[in-house]
Amino acid sequence: MKPETRYLLLKTVQDKGILPVSSVCNMACQFCSHRNNPPGLDVYRLGHLDLSLMKELLEYLPADGPLIIGESATRIIEGDPLAHPQFLKIIEMIRGFFPEKEIKITTHGSFLNPEVLKMLQENMPVELNISLNCSSPEERAFLMADKKPEQVFSALEILAVSPIKFNGSIVAVPHLLGWQSLDKTISLLDEYNAETIRVFMPGFTRFSEEKMKFEVDTMYKRLASFIDKYDECRTPVLLEPPQLNNFDCVIKGIIRNSPAGKTLLKKGDIIISVNQEKVLSRDDGFNKVLKAENPLIKIRRGGTELELLLEKRKGERSGLIVDYDFSVELLDRLSRILLNNLDRKTAIISSVLGKDIMNSFLKNFKTRYNLTGLPVEIDLLVAENRFFAGSIMSAGLLTNGDIISCLEESGKSYQNIVLPGIMFDVFGNDLKGKNYREIEQLFDIKIDIV
């Protein structure tokens with residue numbers, strides 16, 4: 001293994017709490033990004049990682065927070081962790097290091113047999129995120145090429161009465177399976193007591209098959225309208241990605257039988273303060289509640305403000321569901337960068353999905369520091385995902401080429417630009433392996449990354 005690959009693995013564990021396990025997946029999902037990606041991506045397929053290497057990686061795991069398996073935060077391609085032939089030994093090894101740390105596992109579910117579920121129950125706390133995607137074995141076989149399509153549905157029956165917590169996810173493909181299938185899949189996960197159900201906007205690139213493509217705005221609006229009808233569903237149903245245009249800490253749902261579920265809090269309430277401390281963002285509100293013992297929460301409901309006591313232990317999950325936006329640390333860092341460059345012509349570059357909330361940040365920033373009307377030049381530029389194209393609109397999939405096109409088409413010269421850090425790995429390289437300094441040199445410009 002190359003030294004830079006090993007370092008990337010170590011930083012993934014240390015910074016993200018994510019343990020890479022396997023790049024192997026036994027499915028061939030029609031919506032899988034890996035089969036629709038453009039050529040030229042600089043990514044790593046590492047197969048099944050050795051137990052000795054994972055043991056070394058666990059030495060770098062932070063003491064606080066959960067251990068995450070099956071999620072990718074770098075250019076390392078993550079498959080299904082349960083495909084690893086020594087998966088059960090991996091869980092035992094983790095428990096040897098961390099007897100009480102929560103383990104969060106993302107899986108498509110076809111390896112969740114009774115033996116695996118029994119072992120996971122013996123090694124709690126464990127939380128599963130199951131990518132179900134459809135409502136029947138027949139649909140699984142068609143959509144995901146699942147060779148054991150009945151297995152995940154059998155597992156859901158066990159999980160419905162198991163102490164193991166699980167969440168369901170659905171890549172919505174109504175243009176392939178129809179809207180009735182989506183409705184049945186949501187209802188099925190609700191029936192089996194999923195804690196949350198996340199419905200993902202399907203993605204396609206310029207290399208996807210024609211049957212996978214659709215008109216993006218129309219699909220998003222239809223999905224949003226479709227999901228709105230599940231207000232009375234016992235399980236919170238959430239659309240991903242959300243389209244955010246402010247930092248209001250809006251409650252999107254409440255997990256059943258949770259501390260929040262025992263209060264009068266409800267979907268649509270806006271958290272204003274926690275223990276009389278003002279909430280600055282959704283992320284801020286969520287974490288203030290998480291870290292507090294028996295927090296006093298002030299909310300706005302319509303034109304009324306209310307205060308409620310939420311009885312919970314410090315660090316215990318509240319059961320409140322909010323969309324993720326910006327942490328207080330990120331807001332502070334971005335503000336400091338702009339304040340240190342007020343004498344420079346600066347551009348903040350956002351993705352298409354991030355433009356509305358970045359506009360909100362800029363308005364708040366200028367008001368907070370009394371900059372409105374002053375000759376301060378801070379522009380917001382929106383970079384399109386031209387490398388991937390299709391329905392791709394996220395910052396994490398932007399490339400240097402997308403940023404270069406954005407700057408050239410702006411018709412302006414800047415002395416400083418601010419780029420989203422999620423574009424780059426720990427070396428400052430994008431998904432094509434190009435370093436951000438390429439942009440600095442091309443435009444003779446200073447770059448800050450947040």
# chains A, B, ... in the order shown; residues from 1 in each chain; ligands from 1
call {"tool": "residues_around", "arguments": {"residues": "region 152-166 of chain A", "least_positions_apart": "2", "cutoff": "9 Å", "atoms": "only C-alpha atoms", "output": "number ranges by chain"}}
result
A: 108-114, 117, 120-121, 124-130, 132, 135-137, 148-150, 168, 189, 191-196
call {"tool": "residues_around", "arguments": {"residues": "Lys2 (chain A)", "least_positions_apart": "4", "cutoff": "12 Å", "atoms": "only C-alpha atoms", "output": "JSON, numbers by chain"}}
result
{"A": [6, 7, 8, 9, 44, 46]}
call {"tool": "write_last_selection", "arguments": {"atoms": "C-alpha atoms", "output": "tab-separated table (two decimals), in the first residue's frame"}}
result
chain	number	residue	atom	x	y	z
A	6	ARG	CA	-2.24	4.63	4.34
A	7	TYR	CA	-2.20	8.26	5.48
A	8	LEU	CA	-5.59	8.84	3.85
A	9	LEU	CA	-6.98	5.86	5.75
A	44	TYR	CA	-9.11	3.88	-4.52
A	46	LEU	CA	-8.87	-1.44	-1.69
call {"tool": "atom_distance", "arguments": {"atom1": "CA of Glu4 (chain A)", "atom2": "CA of Ala63 (chain A)"}}
result
24.5 Å
call {"tool": "residues_around", "arguments": {"residues": "region 259-261 of chain A", "least_positions_apart": "5", "cutoff": "8 Å", "atoms": "only C-alpha atoms", "output": "JSON, numbers by chain"}}
result
{"A": [254, 310, 311, 312, 317, 318, 319, 320]}
call {"tool": "write_last_selection", "arguments": {"atoms": "C-alpha atoms", "output": "mmCIF file, in the first residue's frame"}}
result
data_model
loop_
_atom_site.group_PDB
_atom_site.id
_atom_site.type_symbol
_atom_site.label_atom_id
_atom_site.label_comp_id
_atom_site.auth_asym_id
_atom_site.auth_seq_id
_atom_site.Cartn_x
_atom_site.Cartn_y
_atom_site.Cartn_z
ATOM 1 C CA ILE A 254 -39.257 13.235 16.001
ATOM 2 C CA LEU A 310 -36.843 17.914 27.456
ATOM 3 C CA GLU A 311 -35.920 15.245 29.995
ATOM 4 C CA LYS A 312 -32.775 13.402 28.903
ATOM 5 C CA ARG A 317 -29.906 11.369 21.823
ATOM 6 C CA SER A 318 -32.981 13.546 21.989
ATOM 7 C CA GLY A 319 -34.897 12.006 19.090
ATOM 8 C CA LEU A 320 -35.095 15.352 17.295
#
call {"tool": "select_by_dssp", "arguments": {"residues": "region 7-158 of chain A", "states": "helix (DSSP H, G or I)", "output": "ChimeraX atom specification"}}
result
/A:7-16,33-36,51-58,81-83,87-97,114-122,137-144,151-158
call {"tool": "select_by_dssp", "arguments": {"residues": "region 94-327 of chain A", "states": "strand (DSSP E)", "output": "PyMOL selection string"}}
result
chain A and resi 103-107+126-131+165-171+197-200+237-240+249-250+253-254+270-274+277-278+296-301+304-309+320-321
call {"tool": "write_last_selection", "arguments": {"atoms": "N, CA and C atoms", "output": "short mmCIF file (atom, residue, chain, number, x, y, z; two decimals), in the first residue's frame"}}
result
data_model
loop_
_atom_site.label_atom_id
_atom_site.label_comp_id
_atom_site.auth_asym_id
_atom_site.auth_seq_id
_atom_site.Cartn_x
_atom_site.Cartn_y
_atom_site.Cartn_z
N ILE A 103 -21.63 1.66 17.40
CA ILE A 103 -21.16 1.29 16.06
C ILE A 103 -22.30 1.53 15.08
N LYS A 104 -22.07 2.40 14.10
CA LYS A 104 -23.08 2.68 13.07
C LYS A 104 -22.65 2.01 11.77
N ILE A 105 -23.52 1.16 11.25
CA ILE A 105 -23.19 0.35 10.08
C ILE A 105 -24.17 0.65 8.95
N THR A 106 -23.64 1.02 7.80
CA THR A 106 -24.47 1.21 6.60
C THR A 106 -24.32 0.00 5.70
N THR A 107 -25.44 -0.59 5.30
CA THR A 107 -25.43 -1.83 4.53
C THR A 107 -26.64 -1.89 3.62
N VAL A 126 -25.45 -0.79 18.76
CA VAL A 126 -25.27 -0.85 17.31
C VAL A 126 -26.45 -0.18 16.65
N GLU A 127 -26.19 0.58 15.61
CA GLU A 127 -27.27 1.17 14.80
C GLU A 127 -27.02 0.84 13.34
N LEU A 128 -28.06 0.35 12.66
CA LEU A 128 -27.96 -0.01 11.25
C LEU A 128 -28.63 1.05 10.38
N ASN A 129 -28.01 1.33 9.26
CA ASN A 129 -28.64 2.12 8.21
C ASN A 129 -28.78 1.21 6.99
N ILE A 130 -30.01 0.86 6.68
CA ILE A 130 -30.26 -0.16 5.66
C ILE A 130 -30.78 0.50 4.39
N SER A 131 -30.05 0.29 3.31
CA SER A 131 -30.45 0.82 2.00
C SER A 131 -31.40 -0.18 1.35
N LYS A 165 -31.35 -0.67 16.89
CA LYS A 165 -31.97 0.45 16.20
C LYS A 165 -31.56 0.43 14.73
N PHE A 166 -32.52 0.79 13.86
CA PHE A 166 -32.15 0.87 12.45
C PHE A 166 -32.91 1.99 11.76
N ASN A 167 -32.27 2.51 10.73
CA ASN A 167 -32.85 3.54 9.86
C ASN A 167 -32.93 2.98 8.45
N GLY A 168 -33.93 3.43 7.72
CA GLY A 168 -34.07 2.99 6.34
C GLY A 168 -33.74 4.09 5.37
N SER A 169 -33.16 3.72 4.25
CA SER A 169 -32.91 4.70 3.19
C SER A 169 -33.42 4.16 1.87
N ILE A 170 -33.87 5.10 1.04
CA ILE A 170 -34.45 4.75 -0.26
C ILE A 170 -33.89 5.70 -1.32
N VAL A 171 -33.23 5.17 -2.32
CA VAL A 171 -32.93 5.97 -3.50
C VAL A 171 -34.18 5.91 -4.37
N ILE A 197 -36.64 7.45 8.01
CA ILE A 197 -36.62 7.01 6.62
C ILE A 197 -36.12 8.17 5.78
N ARG A 198 -35.00 7.98 5.13
CA ARG A 198 -34.44 9.03 4.28
C ARG A 198 -34.63 8.65 2.82
N VAL A 199 -35.29 9.54 2.10
CA VAL A 199 -35.56 9.33 0.67
C VAL A 199 -34.59 10.21 -0.10
N PHE A 200 -33.75 9.59 -0.89
CA PHE A 200 -32.70 10.31 -1.61
C PHE A 200 -33.13 10.61 -3.03
N VAL A 237 -40.04 10.95 7.87
CA VAL A 237 -39.64 10.73 6.48
C VAL A 237 -38.98 12.00 5.97
N LEU A 238 -37.75 11.89 5.49
CA LEU A 238 -36.95 13.06 5.14
C LEU A 238 -36.46 12.97 3.71
N LEU A 239 -36.46 14.10 3.03
CA LEU A 239 -35.94 14.16 1.66
C LEU A 239 -34.50 14.61 1.67
N GLU A 240 -33.64 13.89 0.96
CA GLU A 240 -32.23 14.23 0.84
C GLU A 240 -31.88 14.42 -0.64
N CYS A 249 -33.44 26.54 12.92
CA CYS A 249 -33.34 25.16 13.39
C CYS A 249 -34.74 24.54 13.41
N VAL A 250 -35.20 24.14 12.24
CA VAL A 250 -36.54 23.59 12.07
C VAL A 250 -36.53 22.09 12.40
N GLY A 253 -38.61 16.16 12.17
CA GLY A 253 -39.28 14.96 12.62
C GLY A 253 -38.84 14.60 14.02
N ILE A 254 -39.57 13.68 14.65
CA ILE A 254 -39.26 13.23 16.00
C ILE A 254 -39.35 11.72 16.05
N ILE A 270 -39.57 25.59 15.43
CA ILE A 270 -38.23 26.17 15.21
C ILE A 270 -37.58 26.40 16.57
N ILE A 271 -36.44 25.76 16.79
CA ILE A 271 -35.73 25.92 18.06
C ILE A 271 -34.99 27.26 18.05
N ILE A 272 -35.32 28.13 19.00
CA ILE A 272 -34.73 29.46 19.10
C ILE A 272 -33.54 29.48 20.05
N SER A 273 -33.70 28.79 21.19
CA SER A 273 -32.62 28.76 22.18
C SER A 273 -32.68 27.47 22.96
N VAL A 274 -31.53 27.11 23.55
CA VAL A 274 -31.42 25.95 24.42
C VAL A 274 -30.74 26.41 25.70
N GLU A 277 -29.45 29.89 25.63
CA GLU A 277 -28.38 30.22 24.68
C GLU A 277 -28.96 30.21 23.27
N LYS A 278 -28.75 31.30 22.55
CA LYS A 278 -29.30 31.43 21.20
C LYS A 278 -28.76 30.34 20.28
N LEU A 296 -33.76 23.12 28.61
CA LEU A 296 -34.95 23.96 28.44
C LEU A 296 -34.90 24.52 27.03
N ILE A 297 -35.89 24.17 26.23
CA ILE A 297 -35.89 24.52 24.81
C ILE A 297 -36.98 25.56 24.54
N LYS A 298 -36.57 26.67 23.94
CA LYS A 298 -37.54 27.66 23.49
C LYS A 298 -37.76 27.47 22.00
N ILE A 299 -39.02 27.41 21.61
CA ILE A 299 -39.36 27.20 20.20
C ILE A 299 -40.29 28.31 19.72
N ARG A 300 -40.33 28.44 18.40
CA ARG A 300 -41.33 29.30 17.76
C ARG A 300 -42.24 28.40 16.94
N ARG A 301 -43.53 28.52 17.21
CA ARG A 301 -44.54 27.73 16.50
C ARG A 301 -45.56 28.71 15.95
N THR A 304 -46.18 32.11 17.81
CA THR A 304 -46.10 31.96 19.26
C THR A 304 -44.76 31.37 19.67
N GLU A 305 -44.23 31.85 20.81
CA GLU A 305 -43.02 31.28 21.39
C GLU A 305 -43.38 30.49 22.64
N LEU A 306 -42.79 29.28 22.75
CA LEU A 306 -43.07 28.39 23.87
C LEU A 306 -41.77 27.87 24.45
N GLU A 307 -41.78 27.51 25.73
CA GLU A 307 -40.64 26.87 26.37
C GLU A 307 -41.05 25.50 26.89
N LEU A 308 -40.21 24.49 26.62
CA LEU A 308 -40.49 23.13 27.05
C LEU A 308 -39.23 22.51 27.64
N LEU A 309 -39.41 21.67 28.64
CA LEU A 309 -38.30 20.94 29.23
C LEU A 309 -38.23 19.57 28.57
N LEU A 320 -34.77 14.27 18.24
CA LEU A 320 -35.10 15.35 17.29
C LEU A 320 -34.35 15.13 15.99
N ILE A 321 -35.03 15.35 14.89
CA ILE A 321 -34.43 15.24 13.57
C ILE A 321 -34.41 16.63 12.92
#
call {"tool": "atom_distance", "arguments": {"atom1": "CA of Gln441 (chain A)", "atom2": "CA of Asp15 (chain A)"}}
result
28.7 Å
call {"tool": "closest_residue", "arguments": {"among": "A:Ile349, A:Leu339, A:Val426, A:Ile404", "to": "Asp379 (chain A)", "atoms": "only C-alpha atoms"}}
result
A:Ile349
call {"tool": "residues_around", "arguments": {"residues": "Glu92 (chain A)", "least_positions_apart": "5", "cutoff": "9 Å", "atoms": "only C-alpha atoms", "output": "list in words"}}
result
Phe87, Phe97 and Asn123 of chain A
call {"tool": "write_last_selection", "arguments": {"atoms": "N, CA and C atoms", "output": "CSV table (one decimal), in the first residue's frame"}}
result
chain,number,residue,atom,x,y,z
A,87,PHE,N,-16.2,-10.2,8.8
A,87,PHE,CA,-16.9,-9.0,9.4
A,87,PHE,C,-17.2,-9.3,10.9
A,97,PHE,N,-11.4,-2.9,21.6
A,97,PHE,CA,-10.9,-1.6,21.8
A,97,PHE,C,-11.8,-0.7,22.5
A,123,ASN,N,-23.4,-7.3,20.7
A,123,ASN,CA,-22.4,-6.3,20.8
A,123,ASN,C,-22.9,-4.8,20.7
call {"tool": "closest_residue", "arguments": {"among": "A:Ile392, A:Leu334, A:Met144, A:Leu280", "to": "Ala28 (chain A)", "atoms": "only C-alpha atoms"}}
result
A:Met144
call {"tool": "residues_around", "arguments": {"residues": "region 212-219 of chain A", "least_positions_apart": "6", "cutoff": "9 Å", "atoms": "only C-alpha atoms", "output": "ChimeraX atom specification"}}
result
/A:30-31,173,175-176,201-206,390-391
